[in-house]
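Structure first, commentary second.
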Amino acid sequence: MTGTTAPVLVLLDHTPEGALRSPVREIATLAASLAGGAGVHGVWPADTEPSADVLAELGTLGVTQVHRVVADADLHLSAVLAESLGSLVAATGAGLVLLVSSFENKEAAARLAVATGAGVVTDADGLAVEDGRYVASKTVFAGTWNTRCAVTAPLAVVTVKANSVVVDASATGGAPAVVEHAVTASEGARRVTLVERTERPTSGRPDLGSAHVVVVGGRGTEGDFSPVEELADVLGGAVGATRVATDEGWIGHDAQIGQTGVTVSPRLYIGAGVSGAVHHRGGMQASGTIVAINSDADAPIFEIADFGVVGDLFTVLPQAAAELRRLKSEG
Amino acid sequence: MTPVRRACFGVASRVARPPAFRSSTRRTGAGVAGGNVSAVRIVVCVKHVPDIQSERALGPDGRVVRDGGDGTLNELDENALEAALALVESLGEGSVVALTVGPDDAADAVRKGLQMGADEAVHVVDDAIAGSDAIGTARVLAAAVQHLAAQEPVDLVVTGMAGLDGLTSLLPTALATLLDLPALPLGAELTVDAAARTVRVRRNLDHATEVLEAPLPAVVSVTDQANEPRYPNFKGIIAARKKPIATLTLADLGLDASDVGAAGARTQVVSAAARPAREDRVLVTDDGEAGVKLARYLVEHKLV
């Protein structure tokens with residue numbers, strides 16, 4: 001059950017409407033590259049049915065079979081999800097379980113690891129097989145160190161950060177077959193009651209945690225996020241914020257980027273009026289290109305910025321947005 | 001294979017729950033002579049980590065360098081201590097035990113807990129623990145919680161949302177799983193109904209907000225949104241000097257050295273290197289054209 005001879009299980013996170021969460025495409029691609037002929041088994045928590053379109057897309061990503069999990073308890077409870085994954089590991093002989101990094105999935109990963117004796121790595125940005133072992137790469141200490149971590153147990157459970165894998169949708173095996181997998185939750189898993197669950201309305205912008213471009217407003221916005229939003233929309237990006245901005249109530253807490261909020265690693269991060277406190281850097285320092293606009297030349301964010309502008313965000317951002325629109329219209 | 005003696009907690013039936021933890025049904029039964037319905041005993045798990053403002057590093061063995069002398073109580077664990085102390089204050093009666101696992105320096109973490117107002121401090125220290133992964137640390141903490149619960153029932157275990165060194169967030173759920181207790185992680189709001197003996201958290205996830213509820217005893221983690229941690233006052237600092245820090249070894253907890261530390265770890269860091277500094281960095285001061293320069297930079301670097 002090591003290396004590439006065992007199937008890989010992939011948790012297929014989806015919206016309540018049944019659309020794949022975009023980072024799932026990355027972990028499916030990663031699974032297909034590691035599973036060889038052993039197969040990629042998708043796990044679909046069955047609050048909805050996977051549509052024909054979703055199944056066709058999963059086929060192009062290399063998913064060979066989909067297990068539609070029907071549980072007698074709420075699959076939003078991490079204990080119920082973990083037990084479902086555990087029973088599928090047993091049923092398929094999987095040697096690797098891949099999940100998108102999210103708070104819920106890390107809870108399920110912790111439970112699964114304790115229950116099965118698996119080795120678990122969270123927030124990986126890459127995964128390879130070396131000498132028959134899975135070796136995950138990840139950054140630690142607020143993105144300042146790169147580490148590689150080998151799983152020494154027969155089963156590996158790895159959560160993967162968004163924007164870590166280039167999606168490859170060229171597999172030609174066709175849409176995977178769907179099999180139903182019934183799960184009976186243990187008494188222990190049922191002790192927690194999900195009293196209430198409210199899905200956050202989608203903003204029309206990309207999802208912050210997986211967006212390729214993130215524009216962030218901090219204290220320097222003084223509560224006016226309009227230039228931040230304008231630039232984000234020109235770039236097709238998501239809008240994020242610092243802890244100060246969310247604490248002030250300028251924007252919802254779900255927009256907070258940092259060690260205790262959302263961790264982002266987009267291709268392009270733009271911080272406007274963001275000082276770059278260590279707590280914030282911990283949530284964004286692994287970004288591809290970092291751009292900073294701040295009126296304070298001593299702001300620590302300039303220490304890590306690829307392109308820094310000492311200036312007023314209220315003039316620089318609209319000017320950049322206008323120039324980008326002009327360049328776009330010129331083609 | 002798990003070193004945790006699950007028999008201590010019995011199986012899932014609440015009625016069969018052994019005396020180590022106060023059961024949810026006990027209070028609704030014939031009543032407990034002299035028992036105070038609202039008294040709770042809370043164990044808060046805390047961690048000593050390198051100060052995030054300092055230069056943090058990994059050694060050649062892939063372990064966190066912890067000899068820099070600028071270690072501190074994991075900031076997020078202050079929220080856990082605050083939650084526990086505030087809970088006891090609001091219920092009027094109860095006690096808080098600060099518990100840590102780690103080398104000698106880690107005593108500083110529980111001492112800070114005492115200064116904030118914890119009643120007891122326990123430090124599990126054993127050379128064999130070094131090199132533990134998150135699950136291994138959870139195993140030691142689980143055994144320590146059981147050890148404490150055997151002395152006097154424990155109603156609630158509280159942790160911070162993550163350690164600011166590893167940031168794996170695995171510990172709270174792993175700990176609950178090992179203890180066979182319900183887990184309610186990431187509470188931005190935490191409430192305990194002492195009469196009903198239930199605990200409830202509201203939590204903000206990536207795509208949703210949830211309210212979870214479970215009977216006590218339970219394991220909860222709280223976020224930095226849950227509260228504003230108190231600063232130890234002079235009285236608290238003086239009082240903490242008089243409170244002992246109990247130390248426990250693996251042998252005291254009935255744990256085998258091979259189950260924890262590097263020997264029991266199921267993951268192993270094979271390489272660690274500081275990330276190279278970013279190159280070709282550009283810093284401009286706005287001369288009235290910086291927005292245009294920024295747009296062109298993005299286009300030239302194919303970022304749009």
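Following the order of the structure tokens, first chain is A, next is B, and so on, with residues numbered from 1 inside each chain and ligands from 1 in the order they appear.
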
Surrounding residues of region 213-223 of chain B excluding itself and chain neighbours under 3 positions, 8 Å, only C-alpha atoms, as a ChimeraX atom specification: /A:191-195,260 /B:21-24,76,79-80,83,154-161,172-173,175-176,181-190,197-201,226

Please return, as a PDB file with N, CA and C atoms, in the first residue's frame, all residues of chain B lying within 6 Å of chain A when only C-alpha atoms are considered.
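Final file, result_39.pdb:
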```
ATOM      1  N   ALA B  12     -19.677   4.584  23.836  1.00  0.00           N
ATOM      2  CA  ALA B  12     -20.460   5.757  23.497  1.00  0.00           C
ATOM      3  C   ALA B  12     -21.641   6.033  24.425  1.00  0.00           C
ATOM      4  N   THR B 168      -0.875  23.669  11.991  1.00  0.00           N
ATOM      5  CA  THR B 168      -1.562  22.563  11.322  1.00  0.00           C
ATOM      6  C   THR B 168      -3.045  22.522  11.674  1.00  0.00           C
ATOM      7  N   LEU B 170      -4.463  20.656  13.570  1.00  0.00           N
ATOM      8  CA  LEU B 170      -4.924  19.277  13.717  1.00  0.00           C
ATOM      9  C   LEU B 170      -5.243  18.935  15.157  1.00  0.00           C
ATOM     10  N   THR B 173      -9.015  18.542  17.101  1.00  0.00           N
ATOM     11  CA  THR B 173      -9.841  17.424  16.654  1.00  0.00           C
ATOM     12  C   THR B 173      -9.178  16.085  16.967  1.00  0.00           C
ATOM     13  N   ALA B 174      -7.846  16.023  16.794  1.00  0.00           N
ATOM     14  CA  ALA B 174      -7.133  14.784  17.121  1.00  0.00           C
ATOM     15  C   ALA B 174      -7.283  14.460  18.603  1.00  0.00           C
ATOM     16  N   PRO B 182     -16.814  14.664  22.045  1.00  0.00           N
ATOM     17  CA  PRO B 182     -17.212  15.503  20.914  1.00  0.00           C
ATOM     18  C   PRO B 182     -16.249  16.676  20.729  1.00  0.00           C
ATOM     19  N   HIS B 207     -16.824  28.777   3.669  1.00  0.00           N
ATOM     20  CA  HIS B 207     -17.999  29.047   2.839  1.00  0.00           C
ATOM     21  C   HIS B 207     -19.296  29.144   3.640  1.00  0.00           C
ATOM     22  N   ALA B 208     -19.218  28.985   4.938  1.00  0.00           N
ATOM     23  CA  ALA B 208     -20.452  28.922   5.719  1.00  0.00           C
ATOM     24  C   ALA B 208     -20.198  29.297   7.169  1.00  0.00           C
ATOM     25  N   THR B 209     -21.274  29.620   7.860  1.00  0.00           N
ATOM     26  CA  THR B 209     -21.239  29.808   9.300  1.00  0.00           C
ATOM     27  C   THR B 209     -22.029  28.663   9.920  1.00  0.00           C
ATOM     28  N   GLU B 210     -21.493  28.091  11.000  1.00  0.00           N
ATOM     29  CA  GLU B 210     -22.171  26.953  11.625  1.00  0.00           C
ATOM     30  C   GLU B 210     -22.350  27.190  13.123  1.00  0.00           C
ATOM     31  N   VAL B 211     -23.391  26.585  13.675  1.00  0.00           N
ATOM     32  CA  VAL B 211     -23.546  26.487  15.119  1.00  0.00           C
ATOM     33  C   VAL B 211     -23.531  25.005  15.458  1.00  0.00           C
ATOM     34  N   LEU B 212     -22.601  24.613  16.336  1.00  0.00           N
ATOM     35  CA  LEU B 212     -22.490  23.220  16.764  1.00  0.00           C
ATOM     36  C   LEU B 212     -22.815  23.126  18.248  1.00  0.00           C
ATOM     37  N   GLU B 213     -23.446  22.028  18.637  1.00  0.00           N
ATOM     38  CA  GLU B 213     -23.751  21.814  20.054  1.00  0.00           C
ATOM     39  C   GLU B 213     -23.443  20.378  20.422  1.00  0.00           C
ATOM     40  N   ALA B 214     -22.995  20.176  21.664  1.00  0.00           N
ATOM     41  CA  ALA B 214     -22.710  18.821  22.137  1.00  0.00           C
ATOM     42  C   ALA B 214     -22.868  18.783  23.648  1.00  0.00           C
ATOM     43  N   ARG B 266       4.393   9.686  12.389  1.00  0.00           N
ATOM     44  CA  ARG B 266       4.058   9.077  11.093  1.00  0.00           C
ATOM     45  C   ARG B 266       4.404  10.009   9.949  1.00  0.00           C
ATOM     46  N   THR B 267       5.016  11.110  10.298  1.00  0.00           N
ATOM     47  CA  THR B 267       5.563  12.006   9.283  1.00  0.00           C
ATOM     48  C   THR B 267       6.953  12.399   9.735  1.00  0.00           C
ATOM     49  N   GLN B 268       7.784  12.749   8.764  1.00  0.00           N
ATOM     50  CA  GLN B 268       9.172  13.068   9.096  1.00  0.00           C
ATOM     51  C   GLN B 268       9.624  14.171   8.144  1.00  0.00           C
ATOM     52  N   VAL B 269      10.156  15.237   8.712  1.00  0.00           N
ATOM     53  CA  VAL B 269      10.651  16.316   7.851  1.00  0.00           C
ATOM     54  C   VAL B 269      11.959  15.849   7.222  1.00  0.00           C
ATOM     55  N   VAL B 270      12.010  15.804   5.889  1.00  0.00           N
ATOM     56  CA  VAL B 270      13.221  15.323   5.225  1.00  0.00           C
ATOM     57  C   VAL B 270      14.110  16.464   4.744  1.00  0.00           C
ATOM     58  N   SER B 271      13.560  17.652   4.577  1.00  0.00           N
ATOM     59  CA  SER B 271      14.421  18.790   4.279  1.00  0.00           C
ATOM     60  C   SER B 271      13.730  20.073   4.690  1.00  0.00           C
ATOM     61  N   ALA B 272      14.535  21.080   5.007  1.00  0.00           N
ATOM     62  CA  ALA B 272      13.999  22.375   5.416  1.00  0.00           C
ATOM     63  C   ALA B 272      14.995  23.438   5.027  1.00  0.00           C
ATOM     64  N   ALA B 273      14.521  24.471   4.361  1.00  0.00           N
ATOM     65  CA  ALA B 273      15.433  25.535   3.949  1.00  0.00           C
ATOM     66  C   ALA B 273      14.703  26.859   3.980  1.00  0.00           C
ATOM     67  N   ALA B 274      15.417  27.897   4.413  1.00  0.00           N
ATOM     68  CA  ALA B 274      14.817  29.228   4.379  1.00  0.00           C
ATOM     69  C   ALA B 274      14.535  29.575   2.924  1.00  0.00           C
ATOM     70  N   ARG B 275      13.387  30.184   2.691  1.00  0.00           N
ATOM     71  CA  ARG B 275      13.007  30.556   1.329  1.00  0.00           C
ATOM     72  C   ARG B 275      13.944  31.653   0.840  1.00  0.00           C
ATOM     73  N   ARG B 281      13.427  43.255  -7.121  1.00  0.00           N
ATOM     74  CA  ARG B 281      12.307  43.985  -6.550  1.00  0.00           C
ATOM     75  C   ARG B 281      12.355  45.448  -6.969  1.00  0.00           C
ATOM     76  N   VAL B 282      11.206  46.032  -7.136  1.00  0.00           N
ATOM     77  CA  VAL B 282      11.099  47.412  -7.614  1.00  0.00           C
ATOM     78  C   VAL B 282      10.349  48.226  -6.571  1.00  0.00           C
ATOM     79  N   LEU B 283      10.869  49.382  -6.217  1.00  0.00           N
ATOM     80  CA  LEU B 283      10.140  50.276  -5.313  1.00  0.00           C
ATOM     81  C   LEU B 283      10.119  51.658  -5.949  1.00  0.00           C
ATOM     82  N   VAL B 284       8.939  52.185  -6.193  1.00  0.00           N
ATOM     83  CA  VAL B 284       8.832  53.521  -6.784  1.00  0.00           C
ATOM     84  C   VAL B 284       8.068  54.432  -5.841  1.00  0.00           C
ATOM     85  N   THR B 285       8.376  55.707  -5.900  1.00  0.00           N
ATOM     86  CA  THR B 285       7.604  56.701  -5.159  1.00  0.00           C
ATOM     87  C   THR B 285       6.725  57.414  -6.167  1.00  0.00           C
ATOM     88  N   ASP B 286       5.452  57.552  -5.816  1.00  0.00           N
ATOM     89  CA  ASP B 286       4.490  58.082  -6.795  1.00  0.00           C
ATOM     90  C   ASP B 286       4.869  59.496  -7.228  1.00  0.00           C
ATOM     91  N   GLY B 291       0.493  54.704 -10.878  1.00  0.00           N
ATOM     92  CA  GLY B 291      -0.590  53.797 -11.247  1.00  0.00           C
ATOM     93  C   GLY B 291      -0.381  53.234 -12.641  1.00  0.00           C
ATOM     94  N   VAL B 292       0.064  54.079 -13.561  1.00  0.00           N
ATOM     95  CA  VAL B 292       0.349  53.632 -14.930  1.00  0.00           C
ATOM     96  C   VAL B 292       1.510  52.642 -14.918  1.00  0.00           C
ATOM     97  N   ALA B 295       0.289  49.302 -13.686  1.00  0.00           N
ATOM     98  CA  ALA B 295      -0.471  48.578 -14.710  1.00  0.00           C
ATOM     99  C   ALA B 295       0.481  47.951 -15.723  1.00  0.00           C
TER     100      ALA B 295
END
```

I'd like the interatomic distance between CA of Ala185 (chain A) and CA of Val44 (chain B), to a tenth of an Å.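 Computed distance, CA of Ala185 (chain A) to CA of Val44 (chain B), equals 29.1 Å.
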
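Each of B:Gly288, B:Pro60, B:Gly261, B:Gly117 was checked against Ile238 (chain B) using only C-alpha atoms; the smallest atom-to-atom distance is that of B:Gly117.
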
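The interatomic distance for the pair CA of Val40 (chain A) and CA of Asp13 (chain A) works out to 15.1 Å.
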
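From CA of Glu120 (chain B) back to CA of Cys45 (chain B), the distance works out to 12.1 Å.
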
Polymer residues at most 10 Å from Asp127 (chain B), only C-alpha atoms, same-chain spacing of 3 or more positions, as JSON, numbers by chain: {"B": [102, 103, 104, 130, 131, 249, 250, 257, 261]}

Which residues in region 21-264 of chain A does DSSP call alpha helix (DSSP H)? List them as a ChimeraX atom specification. /A:23-35,52-60,78-92,103-116,226-235,243-247

Contacts of Ala71 (chain A) at 8 Å or less, counting only C-alpha atoms, minus same-chain residues fewer than 2 places along, as a PyMOL selection string? chain A and resi 69+73-75+80+84+182-185

Export C-alpha atoms of the chosen residues as a short mmCIF file (atom, residue, chain, number, x, y, z; two decimals), in the first residue's frame?
```cif
data_model
loop_
_atom_site.label_atom_id
_atom_site.label_comp_id
_atom_site.auth_asym_id
_atom_site.auth_seq_id
_atom_site.Cartn_x
_atom_site.Cartn_y
_atom_site.Cartn_z
CA VAL A 69 -21.58 8.82 -0.08
CA ALA A 73 -26.04 11.62 9.60
CA ASP A 74 -24.99 15.07 8.41
CA LEU A 75 -21.83 14.87 6.28
CA VAL A 80 -19.22 11.75 9.90
CA SER A 84 -17.05 7.96 5.49
CA ALA A 182 -23.78 3.85 2.31
CA VAL A 183 -22.29 4.94 5.64
CA THR A 184 -23.69 4.39 9.11
CA ALA A 185 -22.29 7.01 11.46
#
```

Compile the contact shell of Ser275 (chain A) as a PDB file with C-alpha atoms, in the first residue's frame: residues with an atom at most 8 Å away, counting only C-alpha atoms, same-chain residues fewer than 5 positions apart removed.
```pdb
ATOM      1  CA  GLY A 218      -5.981  47.613   4.980  1.00  0.00           C
ATOM      2  CA  ARG A 219      -6.023  50.479   7.445  1.00  0.00           C
ATOM      3  CA  ASN A 294       1.317  52.381   0.942  1.00  0.00           C
ATOM      4  CA  ALA A 299       5.746  49.873   5.996  1.00  0.00           C
ATOM      5  CA  PRO A 300       7.134  46.346   6.520  1.00  0.00           C
ATOM      6  CA  ILE A 301       5.207  45.022   3.527  1.00  0.00           C
TER       7      ILE A 301
END
```

For Ala265 (chain B), please output as an NGL selection string all residues within 7 Å (counting only C-alpha atoms; exclusion window: fewer than 6 positions along the same chain). :B and (132-133 or 136)

Write the residues you've just listed into a file as a tab-separated table (two decimals), in the first residue's frame, and include N, CA and C atoms for each of them.
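Listed below is the output, result_23.tsv:
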```tsv
chain	number	residue	atom	x	y	z
B	132	SER	N	7.83	14.85	18.19
B	132	SER	CA	6.44	14.40	17.99
B	132	SER	C	5.81	15.18	16.85
B	133	ASP	N	4.97	14.52	16.06
B	133	ASP	CA	4.14	15.25	15.11
B	133	ASP	C	2.85	15.64	15.82
B	136	GLY	N	1.10	12.89	17.58
B	136	GLY	CA	1.85	12.41	18.73
B	136	GLY	C	1.67	13.33	19.93
```

Which is closest to Asp77 (chain B) among B:Glu228, B:Glu300, B:Asp61, B:Asp206, if we use only C-alpha atoms?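 Of the candidates, the smallest distance to Asp77 (chain B) is held by B:Glu228.
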